[in-house]
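Participant: First, the structure itself, so that you have it in front of you.
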2 protein chains.
Amino acid sequence: MWTRSLLSAARDGTVLLRVRQRCSTVWRETHRCSAVVYREHSHNIDTLRMEQLPLPPVKDGSVRIRMLAAPVNPADLNMIQGSYPILCPVPAVGGNEGVGEVLEVGSDVTSLRPGDWVVPVDAGFGTWRTAAVCEEDELMCVPKDISLLGAATIFVNPCTAYRMLNDFQTLAPGCTVIQNASNSAVGQAVVQIASALGLKTINIIRDRPNCAELVDELQSLGADYVVTEEEVMSSGLHRVFEEVPKPKLGLNCVGGLSGGLVLSNLDYGGTMVTYGGMAKRPLQIPAKSLIFQNVTLKGFWLTRWKRHRKEDKAQLKAMLDAVCDLMRAGQLSTPHCVQTPFQQYTHALRATVQSHRRKHVLIM
Amino acid sequence: MWTRSLLSAARDGTVLLRVRQRCSTVWRETHRCSAVVYREHSHNIDTLRMEQLPLPPVKDGSVRIRMLAAPVNPADLNMIQGSYPILCPVPAVGGNEGVGEVLEVGSDVTSLRPGDWVVPVDAGFGTWRTAAVCEEDELMCVPKDISLLGAATIFVNPCTAYRMLNDFQTLAPGCTVIQNASNSAVGQAVVQIASALGLKTINIIRDRPNCAELVDELQSLGADYVVTEEEVMSSGLHRVFEEVPKPKLGLNCVGGLSGGLVLSNLDYGGTMVTYGGMAKRPLQIPAKSLIFQNVTLKGFWLTRWKRHRKEDKAQLKAMLDAVCDLMRAGQLSTPHCVQTPFQQYTHALRATVQSHRRKHVLIM
């Protein structure tokens, strides 16, 4: 992105001056933005600063947008901390997901018009900002008849759930899916998308004080079975399997013991897809699961999936369309978010570091 | 198999009498065989007995063979112990692999002729016997221009190696394969078949007193790199990867720590195939290997592969032909076997229980 290279040049504060001189016009609001910038990788939230960054002029193939809303995802923090497999060159703007509105397009731009809502295709966009200028192909249009929060959070969690339910096993209505981390944003999307597809879900949760409440909440989203890790360990799922077939697909975001509960309850020939490691403990895989139960273990990372499809966006568009259809049909709700004014970004970041339970969305 | 049901009827010893009465002919050698029988699942080798079993007459679609040689494989012992995923109804004859010679064929038999060498297609045949009568489709012909020991041991270990090298990743000459248990029968076959295919092999072995000798032995079979677990853990494989690409395929027969060494050295997008769990310890799989390294974990069990192809033997024949071609070309040697006269089966079984290092083959 142009903005990123300008940001890099702005390290010593001289670029603003140079831009002003080159433009030889009155400095206007459109030429800069506020952005949450990190200049080094650190676990300390206080190293992030709200900065004024210059925006380049809109050229033939580029687009100027104003950001409307951008969530704080755990992966955003990992990137800032330097512990994510892809990192932006510092200084960088935080945030990878969000929705913006197109304000101005270059003369060669064909897919976007002023007023459109757009989401960045790739990680590393730096969505915690008030505005950006970027190439047309860095953005995709999303319909404006879904909610703002839905649009701001559509391209990571619901799409991860959508892909995992579609890409690893052929699942006909009536088939079963088992997952852990069922109360996560992806877990809730899995429940809802699976329900819309006519699939049955077995949802493993950690035992907790408000367990009954959470069970109700997940069931209201369409969960067929909600069981605690302790229940699965002590009683197994025999009763469940009297009613529904064993799952061909398991989704694991936890690892360790919890991942083992997903694995050991898969049907013969099933696939377990790992998309997170919240427990920070490795999966323990007995040889017999692989050899005699013919189970396959795969991983899923939406960022990689999207990057492989950057050149030809048909699959990206089909996925967004499908997820938007589910949202419009009321089959996929927006997860409960805490909306935080952009200026209070520190509060949202700190809350996310302390707990991933509630998603914070910065409202620009 | 008919013999198995007759054996079952022979539990109380009455069937021999009934067969004699029905035939109303002089009892001949062709109507019975000696077989190593287990009447219960047990870890005690002494519960196996050499018994005389009746053989049914050869009918239209059946074949009478005399067994020539049959190995004692670890899985044979697991079946006797009752700890294998497929078990024969007891009483049963031990042994799953071996080569026999066709003595007599029924009038409808088209694929076999007297004098042919044959191997049983499926596990559970009960190869520790002097003779058998079975259906034509329970057997496949093997050429007689390979060694007797080669024919007796062709259908488990070399075929497992062959399939794993062919079915999980597209490997062009120059690609690398990494494996543990490199000195096992499968491991040695992997070294040789990979070498014939122009693949490079990285072979992990346990540290041991005669390490240099084993390294020489594996290198003489075509191993490119032979490294101990300790060497991989302390120094990694950086030097190896200066010369050959990182492996797209890893083969794991050990599990535990050793399986982790295979996994962690795979290339991005690689596949680790597990076909054994010698260490009796689970694999430890970090989430990042699956999510960010895009590694796939699969299992392989030749018995299942063969069972899925029992009805249409074209793929079975193609595999046997390919492995026999390698044997004839001198590219796949018969592993060192201890040949044991059939009557001394107890010795061979006991030796296999104590150590899997040398394969024992019963010679009938």
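Letters A, B, ... mark the chains of the structure tokens in the order given; residue numbers begin at 1 per chain; ligand numbers begin at 1, in order shown.
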I need the contact residues of chain A against chain B, so if you could list those with any atom within 8 Å, counting only C-alpha atoms, and return them as number ranges by chain, that would help.
Facilitator: A: 85, 255, 274-277, 281-292, 294-301
Participant: What's the 10 Å shell around Met79 in chain A, counting only C-alpha atoms, without same-chain residues fewer than 4 positions away, as a list of chain:residue names?
Facilitator: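 These residues fall inside the cut-off: A:His41, A:Ser42, A:Pro74, A:Ala75, A:Ser83, A:Tyr84, A:Pro85, A:Ile86, A:Leu87, A:Cys88, A:Gly94, A:Gly95, A:Asn96, A:Gly124.
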Participant: Can you write just those residues out, N, CA and C atoms, as a PDB file, in the first residue's frame?
Facilitator:
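Once everything was written out, this is result-v7.pdb:
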```pdb
ATOM      1  N   HIS A  41       7.729  -4.000  17.470  1.00  0.00           N
ATOM      2  CA  HIS A  41       6.915  -5.110  17.965  1.00  0.00           C
ATOM      3  C   HIS A  41       7.047  -5.174  19.476  1.00  0.00           C
ATOM      4  N   SER A  42       5.909  -5.208  20.134  1.00  0.00           N
ATOM      5  CA  SER A  42       5.937  -5.147  21.593  1.00  0.00           C
ATOM      6  C   SER A  42       4.651  -5.736  22.163  1.00  0.00           C
ATOM      7  N   PRO A  74      -7.719 -11.087  17.935  1.00  0.00           N
ATOM      8  CA  PRO A  74      -6.500 -11.561  18.604  1.00  0.00           C
ATOM      9  C   PRO A  74      -5.289 -11.589  17.661  1.00  0.00           C
ATOM     10  N   ALA A  75      -5.514 -11.940  16.399  1.00  0.00           N
ATOM     11  CA  ALA A  75      -4.385 -11.994  15.461  1.00  0.00           C
ATOM     12  C   ALA A  75      -3.761 -10.616  15.256  1.00  0.00           C
ATOM     13  N   SER A  83       4.526 -11.961  16.937  1.00  0.00           N
ATOM     14  CA  SER A  83       4.485 -13.418  17.076  1.00  0.00           C
ATOM     15  C   SER A  83       3.569 -14.076  16.040  1.00  0.00           C
ATOM     16  N   TYR A  84       3.196 -13.336  15.018  1.00  0.00           N
ATOM     17  CA  TYR A  84       2.319 -13.892  13.984  1.00  0.00           C
ATOM     18  C   TYR A  84       3.188 -14.290  12.785  1.00  0.00           C
ATOM     19  N   PRO A  85       2.764 -15.286  12.019  1.00  0.00           N
ATOM     20  CA  PRO A  85       3.617 -15.737  10.913  1.00  0.00           C
ATOM     21  C   PRO A  85       3.768 -14.708   9.792  1.00  0.00           C
ATOM     22  N   ILE A  86       2.854 -13.761   9.681  1.00  0.00           N
ATOM     23  CA  ILE A  86       3.116 -12.654   8.753  1.00  0.00           C
ATOM     24  C   ILE A  86       3.139 -11.361   9.549  1.00  0.00           C
ATOM     25  N   LEU A  87       4.128 -10.558   9.253  1.00  0.00           N
ATOM     26  CA  LEU A  87       4.296  -9.295   9.975  1.00  0.00           C
ATOM     27  C   LEU A  87       4.433  -8.175   8.958  1.00  0.00           C
ATOM     28  N   CYS A  88       3.939  -6.993   9.334  1.00  0.00           N
ATOM     29  CA  CYS A  88       4.123  -5.819   8.488  1.00  0.00           C
ATOM     30  C   CYS A  88       5.445  -5.161   8.881  1.00  0.00           C
ATOM     31  N   GLY A  94      -2.067  -0.706  12.841  1.00  0.00           N
ATOM     32  CA  GLY A  94      -2.671  -1.937  13.345  1.00  0.00           C
ATOM     33  C   GLY A  94      -3.992  -2.258  12.666  1.00  0.00           C
ATOM     34  N   GLY A  95      -4.453  -3.498  12.864  1.00  0.00           N
ATOM     35  CA  GLY A  95      -5.773  -3.892  12.371  1.00  0.00           C
ATOM     36  C   GLY A  95      -5.730  -4.519  10.998  1.00  0.00           C
ATOM     37  N   ASN A  96      -6.475  -5.594  10.836  1.00  0.00           N
ATOM     38  CA  ASN A  96      -6.467  -6.323   9.564  1.00  0.00           C
ATOM     39  C   ASN A  96      -7.846  -6.435   8.929  1.00  0.00           C
ATOM     40  N   GLY A 124      -2.865  -7.290   6.850  1.00  0.00           N
ATOM     41  CA  GLY A 124      -1.798  -6.295   6.775  1.00  0.00           C
ATOM     42  C   GLY A 124      -2.242  -4.946   6.241  1.00  0.00           C
TER      43      GLY A 124
END
```
Participant: Excluding Ile204 in chain A and any residue of its chain fewer than 2 positions from it, enumerate the residues within 7 Å of it, using only C-alpha atoms, and give them as a count of residues only.
Facilitator: 10
Participant: Could you pull out all residues of range 192-362 of chain A with a DSSP call of strand (DSSP E or B) and give them as a count of residues only?
Facilitator: 36
Participant: List as a count of residues only the protein and nucleic acid residues near Ala131 in chain A, meaning an atom at most 6 Å away when only C-alpha atoms are counted, but skip any in the same chain fewer than 3 places from it.
Facilitator: 4
Participant: Counting only C-alpha atoms, what is within 8 Å of range 306-322 of chain A, bar same-chain residues fewer than 3 positions away, as a PDB file with C-alpha atoms, in the first residue's frame?
Facilitator:
```pdb
ATOM      1  CA  VAL A 121      -8.885  -8.556   0.891  1.00  0.00           C
ATOM      2  CA  ASP A 122      -5.580  -9.288   2.553  1.00  0.00           C
ATOM      3  CA  MET A 140     -13.795  -5.986  -2.259  1.00  0.00           C
ATOM      4  CA  VAL A 142     -19.796  -5.769   0.359  1.00  0.00           C
ATOM      5  CA  ILE A 154     -17.481 -10.589   7.919  1.00  0.00           C
ATOM      6  CA  PHE A 155     -14.169 -11.441   6.364  1.00  0.00           C
ATOM      7  CA  CYS A 159     -15.672 -16.827   6.338  1.00  0.00           C
ATOM      8  CA  TYR A 162     -17.902 -21.104   6.017  1.00  0.00           C
ATOM      9  CA  LEU A 302      -8.092 -18.012   5.983  1.00  0.00           C
ATOM     10  CA  THR A 303      -5.296 -15.542   5.262  1.00  0.00           C
ATOM     11  CA  ASP A 325     -27.058 -14.241   1.986  1.00  0.00           C
ATOM     12  CA  LEU A 326     -26.989 -16.063   5.316  1.00  0.00           C
TER      13      LEU A 326
END
```
Participant: Quick one: of A:Tyr225, A:Pro56, A:Tyr268, A:Ala172, who's nearest to Leu197 in chain A, counting only C-alpha atoms?
Facilitator: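 Using only C-alpha atoms, Leu197 in chain A sits closest to A:Ala172.
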Participant: In terms of the shortest atom-to-atom distance over only C-alpha atoms, which of A:Arg358, A:Lys59, A:Arg39, A:Lys144 is closest to Glu101 in chain A?
Facilitator: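 Using only C-alpha atoms, the shortest distance to Glu101 in chain A belongs to A:Lys144.
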Participant: If you run DSSP over the backbone, which residues in range 3-252 of chain B end up alpha helix (DSSP H)? Put them as a PyMOL selection string.
Facilitator: chain B and resi 3-9+15-23+74-81+148-152+157-167+185-196+211-221+229-235+240-243
Participant: Could you jot down the CA of Val361 in chain B to CA of Gln188 in chain B separation for me, Å, one decimal place?
Facilitator: 17.4 Å
Participant: Might you pull out every residue within 10 Å of Glu230 in chain A, with only C-alpha atoms counted and same-chain residues fewer than 4 positions away left off, and present them as a PyMOL selection string?
Facilitator: chain A and resi 204-207+234-236+258
Participant: Take the selection from the previous step and output its residues with N, CA and C atoms, as a PDB file, in the first residue's frame.
Facilitator:
```pdb
ATOM      1  N   ILE A 204     -18.541 -28.506  21.970  1.00  0.00           N
ATOM      2  CA  ILE A 204     -17.851 -28.691  23.248  1.00  0.00           C
ATOM      3  C   ILE A 204     -17.477 -27.316  23.804  1.00  0.00           C
ATOM      4  N   ILE A 205     -17.793 -27.104  25.084  1.00  0.00           N
ATOM      5  CA  ILE A 205     -17.410 -25.851  25.755  1.00  0.00           C
ATOM      6  C   ILE A 205     -16.651 -26.197  27.037  1.00  0.00           C
ATOM      7  N   ARG A 206     -15.909 -25.262  27.528  1.00  0.00           N
ATOM      8  CA  ARG A 206     -15.277 -25.451  28.835  1.00  0.00           C
ATOM      9  C   ARG A 206     -16.333 -25.291  29.919  1.00  0.00           C
ATOM     10  N   ASP A 207     -16.174 -26.048  30.984  1.00  0.00           N
ATOM     11  CA  ASP A 207     -17.079 -25.866  32.123  1.00  0.00           C
ATOM     12  C   ASP A 207     -16.844 -24.464  32.691  1.00  0.00           C
ATOM     13  N   SER A 234     -16.116 -37.738  30.953  1.00  0.00           N
ATOM     14  CA  SER A 234     -16.652 -38.688  31.933  1.00  0.00           C
ATOM     15  C   SER A 234     -17.689 -39.633  31.320  1.00  0.00           C
ATOM     16  N   SER A 235     -18.529 -39.136  30.446  1.00  0.00           N
ATOM     17  CA  SER A 235     -19.642 -39.967  29.950  1.00  0.00           C
ATOM     18  C   SER A 235     -19.547 -40.290  28.472  1.00  0.00           C
ATOM     19  N   GLY A 236     -18.656 -39.637  27.753  1.00  0.00           N
ATOM     20  CA  GLY A 236     -18.591 -39.857  26.308  1.00  0.00           C
ATOM     21  C   GLY A 236     -19.804 -39.272  25.614  1.00  0.00           C
ATOM     22  N   SER A 258      -8.591 -30.830  24.722  1.00  0.00           N
ATOM     23  CA  SER A 258      -9.851 -30.519  24.050  1.00  0.00           C
ATOM     24  C   SER A 258      -9.819 -30.960  22.587  1.00  0.00           C
TER      25      SER A 258
END
```
Participant: Skip Asn73 in chain A itself and residues of its chain fewer than 2 positions away, then list as a VMD selection string all residues within 12 Å of it, counting only C-alpha atoms.
Facilitator: chain A and resid 70 to 71 75 to 80 94 to 98 123 127 to 128 152 to 153 155 to 157 184 to 186 337 348 to 353 355 to 362
Participant: Would you save the residues from that selection as a PDB file, in the first residue's frame, using C-alpha atoms?
Facilitator:
```pdb
ATOM      1  CA  ALA A  70     -12.749  -2.160  12.401  1.00  0.00           C
ATOM      2  CA  PRO A  71     -12.617  -4.955  14.972  1.00  0.00           C
ATOM      3  CA  ALA A  75      -4.385 -11.994  15.461  1.00  0.00           C
ATOM      4  CA  ASP A  76      -4.031  -8.194  15.247  1.00  0.00           C
ATOM      5  CA  LEU A  77      -2.383  -8.240  18.655  1.00  0.00           C
ATOM      6  CA  ASN A  78      -0.120 -11.149  17.658  1.00  0.00           C
ATOM      7  CA  MET A  79       1.054  -9.122  14.659  1.00  0.00           C
ATOM      8  CA  ILE A  80       1.801  -6.132  16.867  1.00  0.00           C
ATOM      9  CA  GLY A  94      -2.671  -1.937  13.345  1.00  0.00           C
ATOM     10  CA  GLY A  95      -5.773  -3.892  12.371  1.00  0.00           C
ATOM     11  CA  ASN A  96      -6.467  -6.323   9.564  1.00  0.00           C
ATOM     12  CA  GLU A  97     -10.213  -6.345   9.189  1.00  0.00           C
ATOM     13  CA  GLY A  98     -12.895  -3.698   8.857  1.00  0.00           C
ATOM     14  CA  ALA A 123      -4.156  -9.159   6.044  1.00  0.00           C
ATOM     15  CA  THR A 127      -7.612  -0.930   9.306  1.00  0.00           C
ATOM     16  CA  TRP A 128      -7.301   1.081  12.510  1.00  0.00           C
ATOM     17  CA  ALA A 152     -16.845  -4.957   9.672  1.00  0.00           C
ATOM     18  CA  THR A 153     -16.432  -8.526  10.948  1.00  0.00           C
ATOM     19  CA  PHE A 155     -14.169 -11.441   6.364  1.00  0.00           C
ATOM     20  CA  VAL A 156     -12.345 -13.345   9.114  1.00  0.00           C
ATOM     21  CA  ASN A 157     -14.563 -15.348  11.436  1.00  0.00           C
ATOM     22  CA  SER A 184     -15.822 -18.219  19.988  1.00  0.00           C
ATOM     23  CA  ALA A 185     -16.835 -15.973  17.093  1.00  0.00           C
ATOM     24  CA  VAL A 186     -15.893 -18.722  14.629  1.00  0.00           C
ATOM     25  CA  CYS A 337     -19.598  -6.708  19.938  1.00  0.00           C
ATOM     26  CA  ALA A 348     -10.432  -1.877  23.236  1.00  0.00           C
ATOM     27  CA  LEU A 349      -6.919  -3.251  22.831  1.00  0.00           C
ATOM     28  CA  ARG A 350      -6.390  -3.674  26.537  1.00  0.00           C
ATOM     29  CA  ALA A 351      -9.731  -5.445  26.938  1.00  0.00           C
ATOM     30  CA  THR A 352      -8.875  -7.829  24.084  1.00  0.00           C
ATOM     31  CA  VAL A 353      -5.465  -8.616  25.588  1.00  0.00           C
ATOM     32  CA  SER A 355      -9.934 -11.605  27.400  1.00  0.00           C
ATOM     33  CA  HIS A 356     -11.040 -12.696  23.943  1.00  0.00           C
ATOM     34  CA  ARG A 357     -14.592 -13.256  25.115  1.00  0.00           C
ATOM     35  CA  ARG A 358     -16.096 -10.074  23.741  1.00  0.00           C
ATOM     36  CA  LYS A 359     -15.084  -8.681  20.410  1.00  0.00           C
ATOM     37  CA  HIS A 360     -14.338  -4.964  20.413  1.00  0.00           C
ATOM     38  CA  VAL A 361     -15.045  -2.978  17.274  1.00  0.00           C
ATOM     39  CA  LEU A 362     -13.574   0.457  16.776  1.00  0.00           C
TER      40      LEU A 362
END
```
Participant: So the first atom is CA of Val190 in chain A and the second is CA of Leu68 in chain A; what is the distance between them in Å, to one decimal place?
Facilitator: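 Between CA of Val190 in chain A and CA of Leu68 in chain A the gap works out to 26.2 Å.
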Participant: Counting only C-alpha atoms, which of B:Pro57, B:Gly150, B:Gly100, B:Pro89 gets nearest to Arg328 in chain B?
Facilitator: B:Gly150
Participant: Using only C-alpha atoms, pick whichever of B:Leu249, B:Ala132, B:Val240, B:Val93 has the shortest atom-to-atom distance to Asp167 in chain B.
Facilitator: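 When distances to Asp167 in chain B are compared using only C-alpha atoms, the smallest one comes from B:Leu249.
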Participant: Using CA of Arg49 in chain A and CA of Met364 in chain A as the two end points, give the distance in Å to one decimal.
Facilitator: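 Pair CA of Arg49 in chain A / CA of Met364 in chain A returns 15.7 Å.
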